[in-house]
$ cat coords.txt   # compact mmCIF, C-alpha atoms and all ligand atoms
# COMPACT_ATOMS: atom_id res chain seq x y z
CA MET A 1 -21.57 7.48 -48.62
CA ALA A 2 -18.62 8.92 -46.75
CA GLU A 3 -20.64 11.95 -45.60
CA GLN A 4 -23.56 10.01 -44.12
CA GLY A 5 -24.08 9.48 -40.40
CA PRO A 6 -22.24 10.99 -37.46
CA PRO A 7 -18.77 12.52 -37.91
CA ALA A 8 -15.70 10.32 -37.64
CA VAL A 9 -14.56 11.95 -34.38
CA VAL A 10 -16.16 14.40 -31.96
CA PHE A 11 -14.40 15.73 -28.85
CA LYS A 12 -16.46 17.91 -26.52
CA GLY A 13 -14.83 19.71 -23.60
CA VAL A 14 -12.28 16.95 -23.12
CA VAL A 15 -9.96 17.31 -20.13
CA LYS A 16 -7.26 14.98 -18.79
CA GLU A 17 -5.14 15.69 -15.75
CA TYR A 18 -2.10 13.91 -14.36
CA ASP A 19 -1.53 14.98 -10.77
CA SER A 20 -0.82 18.67 -11.19
CA VAL A 21 -0.51 18.68 -15.00
CA ARG A 22 -3.51 19.43 -17.21
CA ALA A 23 -2.28 17.42 -20.17
CA VAL A 24 -5.49 18.13 -22.11
CA ASP A 25 -7.30 21.27 -21.12
CA GLY A 26 -10.70 21.41 -22.77
CA ILE A 27 -10.48 20.15 -26.36
CA ASP A 28 -13.42 20.56 -28.72
CA LEU A 29 -12.81 19.02 -32.12
CA THR A 30 -14.85 17.50 -34.91
CA ILE A 31 -13.23 15.45 -37.65
CA ARG A 32 -15.36 14.66 -40.67
CA ARG A 33 -15.29 11.36 -42.49
CA GLY A 34 -12.55 11.18 -45.06
CA GLU A 35 -10.48 14.06 -43.66
CA THR A 36 -6.74 13.80 -43.14
CA VAL A 37 -5.97 15.85 -40.07
CA ALA A 38 -2.60 16.72 -38.58
CA LEU A 39 -2.40 17.33 -34.87
CA LEU A 40 0.53 19.72 -34.74
CA GLY A 41 2.15 20.77 -31.48
CA PRO A 42 5.41 20.94 -29.56
CA ASN A 43 6.56 18.23 -27.14
CA GLY A 44 4.31 18.08 -24.11
CA ALA A 45 1.40 19.74 -25.94
CA GLY A 46 -0.95 16.87 -25.16
CA LYS A 47 -0.94 15.08 -28.51
CA SER A 48 -0.32 11.56 -27.18
CA THR A 49 -2.80 12.06 -24.35
CA THR A 50 -5.44 13.18 -26.85
CA ILE A 51 -4.74 10.18 -29.06
CA GLY A 52 -4.76 7.78 -26.09
CA MET A 53 -8.25 8.95 -25.12
CA LEU A 54 -9.45 8.78 -28.71
CA LEU A 55 -8.37 5.14 -28.82
CA GLY A 56 -10.10 4.39 -25.51
CA LEU A 57 -6.82 3.53 -23.78
CA PHE A 58 -7.88 5.72 -20.83
CA PRO A 59 -10.96 7.87 -20.25
CA PRO A 60 -11.08 11.67 -20.09
CA ASP A 61 -11.63 13.25 -16.66
CA HIS A 62 -14.27 15.53 -18.17
CA GLY A 63 -16.02 15.79 -21.51
CA THR A 64 -17.00 13.24 -24.11
CA ILE A 65 -15.45 11.55 -27.14
CA GLU A 66 -17.47 9.89 -29.88
CA ILE A 67 -16.24 7.89 -32.85
CA PHE A 68 -18.99 7.51 -35.45
CA GLY A 69 -21.39 8.27 -32.62
CA LYS A 70 -19.98 5.50 -30.41
CA SER A 71 -17.71 5.51 -27.37
CA PRO A 72 -14.02 4.90 -28.16
CA GLU A 73 -14.19 1.47 -26.53
CA LEU A 74 -17.13 0.39 -28.68
CA ALA A 75 -15.61 1.94 -31.78
CA MET A 76 -12.38 0.05 -31.14
CA ARG A 77 -14.25 -3.22 -30.66
CA ALA A 78 -16.30 -2.60 -33.80
CA GLY A 79 -13.06 -2.33 -35.76
CA HIS A 80 -13.42 1.35 -36.69
CA LEU A 81 -9.99 2.30 -35.36
CA GLY A 82 -6.48 1.32 -36.32
CA ALA A 83 -3.54 2.78 -34.46
CA MET A 84 0.17 3.23 -34.69
CA LEU A 85 1.53 4.44 -31.36
CA GLN A 86 4.85 5.95 -30.42
CA GLU A 87 6.34 2.88 -28.78
CA GLY A 88 6.17 -0.79 -29.79
CA LYS A 89 9.03 -3.25 -30.41
CA MET A 90 9.20 -5.77 -33.22
CA ILE A 91 9.13 -9.44 -32.25
CA PRO A 92 12.20 -11.29 -33.54
CA ARG A 93 12.60 -14.02 -36.16
CA VAL A 94 9.32 -13.71 -38.04
CA SER A 95 8.97 -12.34 -41.53
CA VAL A 96 7.08 -9.22 -42.54
CA ARG A 97 4.47 -11.38 -44.28
CA GLU A 98 4.04 -13.62 -41.21
CA ILE A 99 3.50 -10.81 -38.72
CA VAL A 100 1.14 -8.89 -41.00
CA ASP A 101 -0.86 -12.02 -41.74
CA PHE A 102 -0.97 -13.01 -38.08
CA VAL A 103 -2.34 -9.64 -37.03
CA ARG A 104 -4.80 -9.59 -39.96
CA GLN A 105 -6.31 -12.83 -38.77
CA THR A 106 -7.17 -11.37 -35.38
CA TYR A 107 -9.74 -9.14 -37.13
CA ARG A 108 -13.20 -10.05 -38.32
CA LYS A 109 -12.97 -8.37 -41.73
CA PRO A 110 -9.29 -7.87 -42.47
CA LEU A 111 -7.90 -6.42 -45.67
CA PRO A 112 -6.47 -9.06 -48.02
CA LEU A 113 -2.80 -9.70 -47.23
CA LYS A 114 -1.67 -8.66 -50.68
CA GLU A 115 -3.47 -5.35 -50.35
CA VAL A 116 -2.01 -4.54 -46.92
CA LEU A 117 1.48 -5.29 -48.19
CA GLN A 118 0.93 -3.09 -51.24
CA LEU A 119 -0.59 -0.20 -49.29
CA ALA A 120 2.34 -0.14 -46.89
CA GLU A 121 4.89 -0.71 -49.67
CA LEU A 122 6.08 -3.96 -48.14
CA THR A 123 5.61 -6.34 -51.07
CA LYS A 124 9.30 -6.38 -51.97
CA ILE A 125 10.43 -7.02 -48.40
CA ALA A 126 7.64 -9.41 -47.39
CA ASP A 127 10.14 -12.23 -46.75
CA HIS A 128 12.57 -10.16 -44.69
CA ARG A 129 12.81 -10.71 -40.95
CA VAL A 130 11.14 -7.94 -39.01
CA ASP A 131 14.07 -7.63 -36.58
CA LYS A 132 16.46 -6.94 -39.48
CA LEU A 133 14.59 -4.02 -41.01
CA SER A 134 15.67 -0.41 -41.30
CA GLY A 135 13.84 2.17 -39.17
CA GLY A 136 11.70 3.26 -42.10
CA GLN A 137 10.80 -0.29 -43.10
CA ALA A 138 9.88 -1.14 -39.50
CA GLN A 139 7.58 1.88 -39.34
CA ARG A 140 5.85 0.75 -42.53
CA VAL A 141 5.30 -2.66 -40.92
CA ARG A 142 3.72 -0.91 -37.92
CA PHE A 143 1.60 1.04 -40.35
CA ALA A 144 0.54 -2.19 -42.06
CA LEU A 145 -0.47 -3.62 -38.67
CA ALA A 146 -2.61 -0.52 -38.05
CA LEU A 147 -4.35 -1.09 -41.41
CA ALA A 148 -4.70 -4.83 -41.22
CA GLY A 149 -8.24 -4.79 -39.82
CA ASP A 150 -9.41 -2.36 -42.51
CA PRO A 151 -10.26 0.43 -40.04
CA ASP A 152 -12.27 3.51 -41.06
CA ILE A 153 -9.97 5.75 -39.05
CA VAL A 154 -6.26 5.31 -38.74
CA VAL A 155 -4.48 7.16 -35.95
CA LEU A 156 -0.72 7.66 -36.00
CA ASP A 157 1.19 9.23 -33.12
CA GLU A 158 4.33 10.94 -34.47
CA PRO A 159 4.86 8.18 -37.03
CA THR A 160 7.92 9.72 -38.63
CA ALA A 161 9.88 10.74 -35.52
CA ALA A 162 13.48 9.55 -35.97
CA LEU A 163 13.06 8.61 -39.64
CA ASP A 164 15.27 9.94 -42.42
CA VAL A 165 13.80 12.03 -45.20
CA GLU A 166 13.38 9.18 -47.69
CA SER A 167 11.71 6.89 -45.13
CA ARG A 168 9.37 9.69 -44.19
CA ARG A 169 8.41 10.25 -47.77
CA GLU A 170 7.62 6.55 -48.20
CA LEU A 171 5.53 6.42 -45.07
CA TRP A 172 3.55 9.50 -46.11
CA ALA A 173 2.95 8.02 -49.53
CA ALA A 174 1.60 4.87 -47.84
CA MET A 175 -0.63 6.97 -45.60
CA GLN A 176 -1.97 8.94 -48.53
CA ARG A 177 -2.83 5.75 -50.39
CA TYR A 178 -4.90 4.70 -47.40
CA ALA A 179 -6.59 8.10 -47.10
CA ALA A 180 -7.38 8.05 -50.83
CA ARG A 181 -9.63 5.04 -50.23
CA GLY A 182 -12.00 7.36 -48.36
CA ASN A 183 -10.64 6.66 -44.90
CA THR A 184 -10.10 9.18 -42.13
CA VAL A 185 -6.56 9.79 -40.97
CA LEU A 186 -5.38 11.56 -37.85
CA PHE A 187 -1.68 11.89 -37.22
CA SER A 188 0.38 13.90 -34.78
CA THR A 189 3.61 15.64 -35.58
CA HIS A 190 5.74 18.51 -34.47
CA TYR A 191 6.90 19.25 -38.00
CA LEU A 192 4.85 21.74 -39.95
CA GLU A 193 6.30 20.46 -43.24
CA GLU A 194 4.69 17.08 -42.62
CA ALA A 195 1.35 18.61 -41.91
CA ASP A 196 1.80 20.70 -45.02
CA ASN A 197 2.56 17.79 -47.32
CA SER A 198 0.00 15.35 -46.08
CA ALA A 199 -2.97 16.91 -44.30
CA ASP A 200 -6.18 18.60 -45.49
CA ARG A 201 -6.39 20.32 -42.16
CA VAL A 202 -4.04 21.22 -39.34
CA VAL A 203 -5.18 21.41 -35.74
CA VAL A 204 -2.50 23.14 -33.67
CA ILE A 205 -2.42 22.19 -30.02
CA ALA A 206 -0.32 23.73 -27.30
CA SER A 207 -0.64 23.35 -23.52
CA GLY A 208 -3.51 20.93 -24.00
CA ARG A 209 -5.67 23.27 -26.05
CA VAL A 210 -6.58 23.78 -29.67
CA VAL A 211 -4.94 27.12 -30.47
CA ALA A 212 -5.47 27.14 -34.24
CA ASP A 213 -7.43 25.05 -36.72
CA GLY A 214 -7.30 25.58 -40.45
CA THR A 215 -6.01 24.48 -43.80
CA THR A 216 -2.29 23.92 -44.08
CA SER A 217 -1.90 27.19 -45.98
CA GLN A 218 -3.76 29.14 -43.28
CA ILE A 219 -1.59 27.67 -40.55
CA LYS A 220 1.52 28.19 -42.66
CA SER A 221 0.75 31.86 -43.14
CA MET A 222 0.51 32.26 -39.37
CA VAL A 223 3.88 30.66 -39.00
CA GLU A 224 5.55 32.22 -41.98
CA GLY A 225 4.62 35.76 -41.07
CA ARG A 226 7.12 38.11 -39.55
CA SER A 227 7.27 39.78 -36.24
CA VAL A 228 7.70 43.56 -36.07
CA SER A 229 8.34 45.11 -32.68
CA PHE A 230 9.16 48.66 -31.57
CA VAL A 231 8.80 51.22 -28.83
CA PRO A 232 5.80 53.42 -29.72
CA ARG A 233 6.89 57.05 -30.02
CA SER A 234 3.66 58.47 -28.70
CA GLY A 235 2.89 55.74 -26.20
CA ARG A 236 -0.02 54.99 -28.47
CA ARG A 237 -1.73 51.65 -27.88
CA ASP A 238 -4.58 51.42 -30.36
CA GLY A 239 -5.11 51.25 -34.10
CA TYR A 240 -2.11 49.03 -34.90
CA GLU A 241 -4.39 46.20 -36.03
CA LEU A 242 -5.52 48.45 -38.90
CA LEU A 243 -2.03 48.70 -40.42
CA PRO A 244 -1.51 46.77 -43.67
CA GLY A 245 -0.47 43.14 -43.19
CA VAL A 246 -0.98 43.10 -39.44
CA SER A 247 -2.61 39.94 -38.10
CA SER A 248 -2.12 40.40 -34.36
CA VAL A 249 -1.06 43.04 -31.86
CA GLU A 250 0.45 42.57 -28.42
CA PHE A 251 2.04 44.82 -25.83
CA HIS A 252 4.75 43.72 -23.47
CA GLY A 253 7.99 45.03 -22.03
CA GLY A 254 7.08 48.57 -23.10
CA ARG A 255 7.06 47.47 -26.74
CA VAL A 256 4.43 46.88 -29.36
CA HIS A 257 4.68 43.44 -31.02
CA LEU A 258 2.97 43.06 -34.37
CA ARG A 259 2.57 39.92 -36.41
CA THR A 260 2.42 40.67 -40.08
CA THR A 261 2.04 38.79 -43.32
CA ASP A 262 3.92 41.58 -45.13
CA SER A 263 6.54 43.28 -43.02
CA ASP A 264 7.55 45.70 -45.82
CA LEU A 265 4.05 47.16 -46.04
CA THR A 266 3.65 47.29 -42.29
CA VAL A 267 6.99 49.02 -41.71
CA HIS A 268 6.34 51.56 -44.47
CA ALA A 269 3.02 52.47 -42.90
CA LEU A 270 4.62 52.78 -39.47
CA ALA A 271 7.39 54.97 -40.92
CA ARG A 272 4.89 57.29 -42.61
CA ALA A 273 3.17 57.73 -39.27
CA ASP A 274 6.58 58.28 -37.60
CA ALA A 275 5.27 55.92 -34.98
CA PHE A 276 8.30 54.12 -33.60
CA THR A 277 11.80 53.97 -32.25
CA ASP A 278 14.00 50.90 -31.87
CA LEU A 279 12.42 48.80 -34.62
CA GLU A 280 13.07 45.05 -34.87
CA VAL A 281 11.86 42.77 -37.63
CA SER A 282 12.30 39.00 -37.41
CA GLY A 283 11.01 35.80 -38.92
CA VAL A 284 8.53 33.71 -36.98
CA GLY A 285 9.51 30.08 -36.59
CA LEU A 286 7.23 27.28 -35.60
CA GLU A 287 8.21 27.43 -31.93
CA ASP A 288 7.48 31.15 -31.84
CA ALA A 289 4.19 30.53 -33.56
CA PHE A 290 3.22 27.95 -30.92
CA VAL A 291 4.02 30.43 -28.18
CA ALA A 292 2.15 33.26 -29.90
CA LEU A 293 -0.89 31.11 -30.68
CA THR A 294 -1.03 29.80 -27.12
CA HIS A 295 -0.74 33.33 -25.79
CA GLN A 296 -3.51 34.55 -28.12
CA ALA A 297 -5.77 31.67 -27.10
CA ARG A 298 -5.37 32.57 -23.41
CA HIS A 299 -5.80 36.26 -24.20
CA ARG A 300 -9.06 35.71 -26.08
CA GLU A 301 -10.38 33.83 -23.12
CA THR A 302 -9.46 36.25 -20.33
CA VAL A 303 -9.64 39.71 -21.89
CA PRO A 304 -13.03 41.23 -22.60
CA GLU A 305 -13.86 42.31 -26.14
CA GLY A 306 -12.43 45.69 -27.12
CA ARG A 307 -9.55 45.89 -24.69
CA THR A 308 -6.11 45.79 -26.25
CA ASN A 309 -3.84 44.97 -23.33
P1 LIG A 401 2.86 15.26 -26.52
O1 LIG A 401 2.47 13.92 -27.01
O2 LIG A 401 2.23 16.39 -27.28
O3 LIG A 401 4.34 15.43 -26.39
P2 LIG A 401 1.73 14.31 -24.00
O4 LIG A 401 0.29 14.08 -24.23
O5 LIG A 401 2.63 13.13 -23.99
O6 LIG A 401 2.26 15.42 -25.03
O7 LIG A 401 1.93 15.05 -22.60
C1 LIG A 401 1.19 16.20 -22.23
C2 LIG A 401 1.57 16.60 -20.82
O8 LIG A 401 1.14 15.60 -19.89
C3 LIG A 401 3.06 16.75 -20.60
O9 LIG A 401 3.26 17.81 -19.68
C4 LIG A 401 3.47 15.44 -20.01
O10 LIG A 401 4.60 15.58 -19.19
C5 LIG A 401 2.24 15.07 -19.18
N1 LIG A 401 2.05 13.61 -19.10
C6 LIG A 401 1.80 12.79 -20.15
N2 LIG A 401 1.63 11.53 -19.74
C7 LIG A 401 1.77 11.54 -18.38
C8 LIG A 401 1.69 10.54 -17.34
N3 LIG A 401 1.43 9.27 -17.61
N4 LIG A 401 1.89 10.95 -16.06
C9 LIG A 401 2.13 12.24 -15.76
N5 LIG A 401 2.20 13.25 -16.69
C10 LIG A 401 2.03 12.90 -17.97
MG MG A 402 3.60 12.38 -27.79

$ encode --input "coords.txt" --output "structure tokens"
Amino acid sequence: MAEQGPPAVVFKGVVKEYDSVRAVDGIDLTIRRGETVALLGPNGAGKSTTIGMLLGLFPPDHGTIEIFGKSPELAMRAGHLGAMLQEGKMIPRVSVREIVDFVRQTYRKPLPLKEVLQLAELTKIADHRVDKLSGGQAQRVRFALALAGDPDIVVLDEPTAALDVESRRELWAAMQRYAARGNTVLFSTHYLEEADNSADRVVVIASGRVVADGTTSQIKSMVEGRSVSFVPRSGRRDGYELLPGVSSVEFHGGRVHLRTTDSDLTVHALARADAFTDLEVSGVGLEDAFVALTHQARHRETVPEGRTN
């Protein structure tokens, strides 16, 4: 059943500009039914803008978005989408049960109250006042409100920002319970660990573009690699991509910069060839990986096949 019909989400050439900023710069993305996808990117990458368009809050300037083959507005009205956005204050003096039940009743085919409370792990605190909750509990209430209408796709924009480790774990467990029912989940984050623990697939966005798209382990290996840089002894500029472990090659500042999945092997091969002076080896953090991936994405677009600089 889950595989029939159009995909959950299709973005084609989606662009959104604010004055001089291209917040989203040509996103193509297909999300299949039942996938849990992490949208991973640094602050300002365009995650919230992408999510806002997906939810039909504002239209793209160019390109199209379809949710189960429908426009976001129609999909929203048909109850396909549930969302948990970055902002949103709790109203005072009502209980968890009251607010969840109230929101449920605004939908045509809501989930049973008991089930929403269970999914979001709120059963034990159902009688607590929503304005007296901890940060983690309040986020689970927001999550429950996103689920109340029994949407096919739930969209969460940085749901765990500002939560402690335990609260995060509880929220991810709640999200996984919802995904396990065959639903599609899209969440944004700037933590790779979250993507790693919860997503089938990680779409990395930077500067409004998709710069990598793969399983969590593929994305992790890009990030966990090491960077090897040196001044080439011979001024040589080709063939480095053939060295063991090397996944990318760049030239700047008179140096060769290699990304490698095994810096020991790479350095040994370089040493045998007596190829370098001034060698530096360093770990690649997530921020570096964003920069490198963004750079590679631009490079692929502007440099013809076969040139290396
Ligand atoms: P993220 O959620 O990944 O942090 P955003 O989608 O919020 O990124 O922002 C992407 C870019 O668009 C940023 O450069 C941001 O400053 C800009 N931007 C976002 N919203 C607006 C807005 N309403 N007006 C002007 N610029 C905006
Ligand atoms: Mg954001």

$ atom_distance --input "coords.txt" --atom1 "atom C4 of ligand LIG 401 (chain A)" --atom2 "CA of Gly46 in chain A"
6.9 Å

$ residues_near_ligand --input "coords.txt" --ligand "ligand LIG 401 (chain A)" --cutoff "12 Å" --atoms "only C-alpha atoms and all ligand atoms" --output "PyMOL selection string"
chain A and resi 15-25+39-54+57-58+85-87+156-159+161+187-190+204-210

$ atom_distance --input "coords.txt" --atom1 "CA of Arg255 in chain A" --atom2 "CA of Asp274 in chain A"
15.3 Å

$ closest_residue --input "coords.txt" --among "A:Ser167, A:Ser282, A:Ser229, A:Thr160" --to "ligand MG 402 (chain A)" --atoms "all atoms listed in the file"
A:Thr160

$ closest_residue --input "coords.txt" --among "A:Leu145, A:Val10, A:Ala273, A:Met84" --to "ligand MG 402 (chain A)" --atoms "only C-alpha atoms and all ligand atoms"
A:Met84

$ atom_distance --input "coords.txt" --atom1 "CA of Thr260 in chain A" --atom2 "CA of Thr36 in chain A"
28.6 Å

$ residues_near_point --input "coords.txt" --point "(-7.4, 5.6, -43.5)" --cutoff "8 Å" --atoms "all atoms listed in the file" --output "list in words"
Gly34, Leu147, Pro151, Asp152, Ile153, Val154, Met175, Tyr178, Ala179, Ala180, Arg181, Gly182, Asn183, Thr184 and Val185 of chain A

$ residues_around --input "coords.txt" --residues "Val141 in chain A" --least-positions-apart "5" --cutoff "9 Å" --atoms "only C-alpha atoms" --output "PyMOL selection string"
chain A and resi 96+99-100+117+120-122+130+136+146

$ residues_near_point --input "coords.txt" --point "(-10.0, 14.5, -38.3)" --cutoff "8 Å" --atoms "only C-alpha atoms" --output "CSV table (one decimal) with C-alpha atoms, in the frame of the given file"
chain,number,residue,atom,x,y,z
A,8,ALA,CA,-15.7,10.3,-37.6
A,9,VAL,CA,-14.6,12.0,-34.4
A,30,THR,CA,-14.8,17.5,-34.9
A,31,ILE,CA,-13.2,15.4,-37.6
A,32,ARG,CA,-15.4,14.7,-40.7
A,33,ARG,CA,-15.3,11.4,-42.5
A,34,GLY,CA,-12.6,11.2,-45.1
A,35,GLU,CA,-10.5,14.1,-43.7
A,36,THR,CA,-6.7,13.8,-43.1
A,37,VAL,CA,-6.0,15.8,-40.1
A,38,ALA,CA,-2.6,16.7,-38.6
A,184,THR,CA,-10.1,9.2,-42.1
A,185,VAL,CA,-6.6,9.8,-41.0
A,186,LEU,CA,-5.4,11.6,-37.8
A,201,ARG,CA,-6.4,20.3,-42.2

$ closest_residue --input "coords.txt" --among "A:Val211, A:Ala75, A:Ala275, A:Leu113" --to "Leu293 in chain A" --atoms "only C-alpha atoms"
A:Val211

$ closest_residue --input "coords.txt" --among "A:Gly254, A:Pro72, A:Gly135, A:Pro7" --to "Arg233 in chain A" --atoms "only C-alpha atoms"
A:Gly254

$ residues_around --input "coords.txt" --residues "Gly283 in chain A" --least-positions-apart "3" --cutoff "10 Å" --atoms "all atoms listed in the file" --output "list of chain:residue names"
A:Val223, A:Glu224, A:Gly225, A:Arg226, A:Ser227, A:Val228, A:Arg259, A:Thr260, A:Ser263, A:Leu286, A:Asp288

$ write_last_selection --input "coords.txt" --atoms "C-alpha atoms" --output "mmCIF file, in the frame of the given file"
data_model
loop_
_atom_site.group_PDB
_atom_site.id
_atom_site.type_symbol
_atom_site.label_atom_id
_atom_site.label_comp_id
_atom_site.auth_asym_id
_atom_site.auth_seq_id
_atom_site.Cartn_x
_atom_site.Cartn_y
_atom_site.Cartn_z
ATOM 1 C CA VAL A 223 3.880 30.660 -39.000
ATOM 2 C CA GLU A 224 5.550 32.220 -41.980
ATOM 3 C CA GLY A 225 4.620 35.760 -41.070
ATOM 4 C CA ARG A 226 7.120 38.110 -39.550
ATOM 5 C CA SER A 227 7.270 39.780 -36.240
ATOM 6 C CA VAL A 228 7.700 43.560 -36.070
ATOM 7 C CA ARG A 259 2.570 39.920 -36.410
ATOM 8 C CA THR A 260 2.420 40.670 -40.080
ATOM 9 C CA SER A 263 6.540 43.280 -43.020
ATOM 10 C CA LEU A 286 7.230 27.280 -35.600
ATOM 11 C CA ASP A 288 7.480 31.150 -31.840
#

$ closest_residue --input "coords.txt" --among "A:Asn197, A:Leu279, A:Gln137, A:Glu73" --to "Gln176 in chain A" --atoms "only C-alpha atoms"
A:Asn197

$ residues_around --input "coords.txt" --residues "Leu242 in chain A" --least-positions-apart "6" --cutoff "10 Å" --atoms "all atoms listed in the file" --output "PDB file with C-alpha atoms, keeping the file's coordinate frame"
ATOM      1  CA  SER A 248      -2.120  40.400 -34.360  1.00  0.00           C
ATOM      2  CA  VAL A 249      -1.060  43.040 -31.860  1.00  0.00           C
ATOM      3  CA  THR A 266       3.650  47.290 -42.290  1.00  0.00           C
TER       4      THR A 266
END

$ closest_residue --input "coords.txt" --among "A:Leu163, A:Val94, A:Ala144, A:Leu270" --to "Pro112 in chain A" --atoms "all atoms listed in the file"
A:Ala144

$ build_atoms --input "coords.txt" --residues "range 149-161 of chain A" --atoms "N, CA, C and O atoms" --output "CSV table (one decimal), in the coordinates of the input"
chain,number,residue,atom,x,y,z
A,149,GLY,N,-6.8,-4.5,-40.1
A,149,GLY,CA,-8.2,-4.8,-39.8
A,149,GLY,C,-9.2,-4.0,-40.7
A,149,GLY,O,-10.4,-3.9,-40.4
A,150,ASP,N,-8.6,-3.2,-41.6
A,150,ASP,CA,-9.4,-2.4,-42.5
A,150,ASP,C,-10.2,-1.3,-41.7
A,150,ASP,O,-11.4,-1.2,-41.9
A,151,PRO,N,-9.5,-0.5,-40.9
A,151,PRO,CA,-10.3,0.4,-40.0
A,151,PRO,C,-10.7,1.6,-40.9
A,151,PRO,O,-10.2,1.9,-41.9
A,152,ASP,N,-11.8,2.3,-40.4
A,152,ASP,CA,-12.3,3.5,-41.1
A,152,ASP,C,-11.4,4.7,-40.7
A,152,ASP,O,-11.3,5.7,-41.5
A,153,ILE,N,-10.8,4.6,-39.5
A,153,ILE,CA,-10.0,5.8,-39.0
A,153,ILE,C,-8.6,5.2,-38.7
A,153,ILE,O,-8.6,4.2,-37.9
A,154,VAL,N,-7.6,5.7,-39.2
A,154,VAL,CA,-6.3,5.3,-38.7
A,154,VAL,C,-5.6,6.5,-38.0
A,154,VAL,O,-5.7,7.6,-38.4
A,155,VAL,N,-5.0,6.2,-36.9
A,155,VAL,CA,-4.5,7.2,-36.0
A,155,VAL,C,-3.0,6.9,-35.8
A,155,VAL,O,-2.6,5.8,-35.4
A,156,LEU,N,-2.2,7.9,-36.1
A,156,LEU,CA,-0.7,7.7,-36.0
A,156,LEU,C,-0.1,8.7,-35.1
A,156,LEU,O,-0.2,9.9,-35.4
A,157,ASP,N,0.6,8.3,-34.1
A,157,ASP,CA,1.2,9.2,-33.1
A,157,ASP,C,2.7,9.4,-33.5
A,157,ASP,O,3.5,8.5,-33.3
A,158,GLU,N,3.0,10.6,-34.0
A,158,GLU,CA,4.3,10.9,-34.5
A,158,GLU,C,5.0,9.8,-35.2
A,158,GLU,O,6.1,9.3,-34.9
A,159,PRO,N,4.4,9.4,-36.3
A,159,PRO,CA,4.9,8.2,-37.0
A,159,PRO,C,6.2,8.4,-37.7
A,159,PRO,O,6.9,7.4,-37.9
A,160,THR,N,6.7,9.6,-37.9
A,160,THR,CA,7.9,9.7,-38.6
A,160,THR,C,9.1,10.2,-37.7
A,160,THR,O,10.1,10.5,-38.2
A,161,ALA,N,8.8,10.3,-36.4
A,161,ALA,CA,9.9,10.7,-35.5
A,161,ALA,C,11.1,9.8,-35.7
A,161,ALA,O,10.9,8.6,-35.8
